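Here the structure is laid out as structure tokens; the discussion comes afterwards.
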Amino acid sequence: MDFEQLVALASSPAFIVTGGLILAGILFATVFSSGNRKVLKPTEWQEYPLVKKTQISPNTAIYRFSLPRESDILGLPIGKHISVSATIDGKEISRSYTPISNDEQKGSFDLLIKSYEKGNISRHFTTLKLGDNLRVKGPRGAFDYTPGLTGAFGMIAGGSGITPMYQIINAVLRNASDKTQVRLIYANVNEEDILLRSELDVLADAHPDRFKVFYVLNNPPAGWTGGVGFVSKDQIQTHLPASTHNAKILMCGPPPMLKAMKVHLDELQWPAPRTVSKLDDKVFLF
Ligand SMILES: Cc1cc2nc3c(=O)[nH]c(=O)nc-3n(C[C@H](O)[C@H](O)[C@H](O)COP(=O)(O)OP(=O)(O)OC[C@H]3O[C@@H](n4cnc5c(N)ncnc54)[C@H](O)[C@@H]3O)c2cc1C
Ligand SMILES: *[C@@H]1O[C@H](CO)[C@@H](O)[C@H](O)[C@H]1NC(C)=O
Ligand SMILES: *[C@@H]1O[C@H](CO)[C@@H](O)[C@H](O)[C@H]1NC(C)=O
């Protein structure tokens, strides 16, 4: 091609239109990909500062951490969690946490933390002041929710074990075309300990065809209509899908509770969970 042909081509309408489209494409990609920059790295610890703390009970608070840019998102697929680490008494300790904010939240993420007096990492949160950094890595975990994974979820959560369930419940219900049935048994000691109760009740009221929640308390107040004591085999049979259904059981809670639930599930013909759960398991432990 000689120079004249080149000039003719460069000034042809097709060339200008094509060039314009390419430029628009680059502009679009720049604006939208940077708008969705995912900051989590699976193998590298990163630090994010605490920007807000909302105390919701004597031992529980919502902590908001900010991401480097206002347009950043955490980048955590539904069903996955993050690792949080801190150096405590010279020892590096890490624990799992699932944000209660969804992955479309830009510029920050929120953790709901129940702190135990003797807990290592959960107590570390209570020592953070505004501006202090939290060390985070992720995504972690074998669970990865996509619609159609199962026909129904039967969830059993204890205490702060509600957060992985809450993330999945929200993802299912947010999508009007997702027909997955969700049933939750949520166990706590006292009524004040029930986390995200109003959020769960609002979701159950708004989606009665897809989501039901049953609360169980060790120390119920007078007039309590939910379950009483520890989660029983009968309650599982009554409130969760049967093992013969196209269903999965998801569990997260204190180890003694999980141990008791494994016995109930076995008697209800659910397969035994593995030590480390995999996505296609019928019974999945977070
Ligand atoms: C996938 C996943 C997501 C999670 N998400 C969250 C979350 O969003 N928010 C949250 O707060 N936690 C969450 N947890 C629990 C969290 O990982 C820790 O187990 C919890 O914060 C306690 O850790 P710790 O280091 O403070 O206590 P540890 O050092 O592990 O325990 C020390 C002591 O603390 C007390 N303790 C610890 N845990 C409990 C308990 N469950 N019940 C009663 N006493 C206890 C006991 O006295 C124990 O001996 C999640 C767990 C998993 C597996
Ligand atoms: C966490 O805290 C407990 C009690 O406070 C302690 O015995 C334990 O060694 C700590 N570390 C780990 C890894 O659990
Ligand atoms: C919503 O659910 C439908 C049907 O299961 C699925 O095809 C679609 O991808 C889901 N949408 C989102 C945003 O996940």
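Going by the structure tokens order, chains are called A, B, ..., each with residues numbered from 1, while ligands are numbered from 1 in the order shown.
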Check which residues fall inside 7 Å of ligand 1 when counting only C-alpha atoms and all ligand atoms, and print them as a ChimeraX atom specification.
/A:81,95-99,111-123,159-161,163-164,252-254,286
Which polymer residues have any atom within 6 Å of an atom of Leu250 in chain A, counting only C-alpha atoms, with same-chain residues fewer than 6 positions away left out, as a list of chain:residue names?
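With the cut-off at 6 Å, the set is A:Met155, A:Phe284, A:Leu285.
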Using C-alpha atoms, can you write the selected residues to a file as a short mmCIF file (atom, residue, chain, number, x, y, z; two decimals), in the first residue's frame?
```
data_model
loop_
_atom_site.label_atom_id
_atom_site.label_comp_id
_atom_site.auth_asym_id
_atom_site.auth_seq_id
_atom_site.Cartn_x
_atom_site.Cartn_y
_atom_site.Cartn_z
CA MET A 155 -28.96 -24.58 56.49
CA PHE A 284 -21.14 -29.10 53.35
CA LEU A 285 -19.37 -27.72 56.44
#
```
Mind checking which residues fall within 7 Å of range 42-47 of chain A, counting only C-alpha atoms, ignoring those fewer than 2 positions away in the same chain, and posting them as a PyMOL selection string?
chain A and resi 40+49+133-139
Could the residues of chain A that have an atom at most 9 Å from ligand 3 be listed as CSV, each with its closest atom pair and the distance in Å to one decimal, counting only C-alpha atoms and all ligand atoms and ordered by chain and ascending residue number?
```
residue,atom,partner,partner_atom_place_in_ligand_line,distance
A:Thr146,CA,ligand 3,14 (O),6.8
A:Pro147,CA,ligand 3,5 (O),4.5
A:Gly148,CA,ligand 3,5 (O),5.7
A:Ala171,CA,ligand 3,14 (O),7.8
A:Val172,CA,ligand 3,1 (C),8.0
A:Arg174,CA,ligand 3,1 (C),8.4
A:Asn175,CA,ligand 3,1 (C),4.9
A:Ala176,CA,ligand 3,1 (C),6.7
A:Ser177,CA,ligand 3,2 (O),4.5
A:Asp178,CA,ligand 3,2 (O),4.2
A:Lys179,CA,ligand 3,5 (O),6.7
A:Thr180,CA,ligand 3,5 (O),8.2
```
Create the file for the chosen residues now, containing C-alpha atoms and written as a CSV table (one decimal), in the first residue's frame.
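Written out: part.csv:
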```csv
chain,number,residue,atom,x,y,z
A,146,THR,CA,-24.2,-20.4,41.1
A,147,PRO,CA,-28.0,-20.7,40.5
A,148,GLY,CA,-28.9,-24.3,39.8
A,171,ALA,CA,-27.6,-14.1,46.6
A,172,VAL,CA,-30.5,-16.5,46.0
A,174,ARG,CA,-31.8,-11.1,45.1
A,175,ASN,CA,-32.3,-13.0,41.8
A,176,ALA,CA,-36.0,-13.4,41.0
A,177,SER,CA,-35.3,-16.1,38.5
A,178,ASP,CA,-33.4,-18.3,41.0
A,179,LYS,CA,-36.0,-20.8,42.2
A,180,THR,CA,-33.7,-22.4,44.8
```
Would you mind listing what lies within 7 Å of range 104-110 of chain A as JSON, numbers by chain, with only C-alpha atoms counted and same-chain residues fewer than 2 positions away left out?
{"A": [62, 63, 64, 65, 66, 67, 69, 70, 71, 72, 73, 74, 99, 100, 101, 102, 112]}
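Across A:Arg37, A:Leu50, A:Lys91, A:Leu76, the tightest approach to ligand 2 is made by A:Lys91 when counting only C-alpha atoms and all ligand atoms.
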Show me, as JSON, numbers by chain, the residues that have an atom within 9 Å of range 211-228 of chain A when counting only C-alpha atoms, minus same-chain residues fewer than 3 positions from it.
{"A": [169, 173, 180, 181, 182, 183, 184, 185, 186, 187, 188, 189, 190, 191, 194, 200, 201, 203, 204, 205, 206, 207, 208, 231, 232, 235, 239]}
Counting only C-alpha atoms, the residue of A:Ser198, A:Tyr166, A:Asp193, A:Pro273 that sits nearest Leu258 in chain A:
A:Pro273
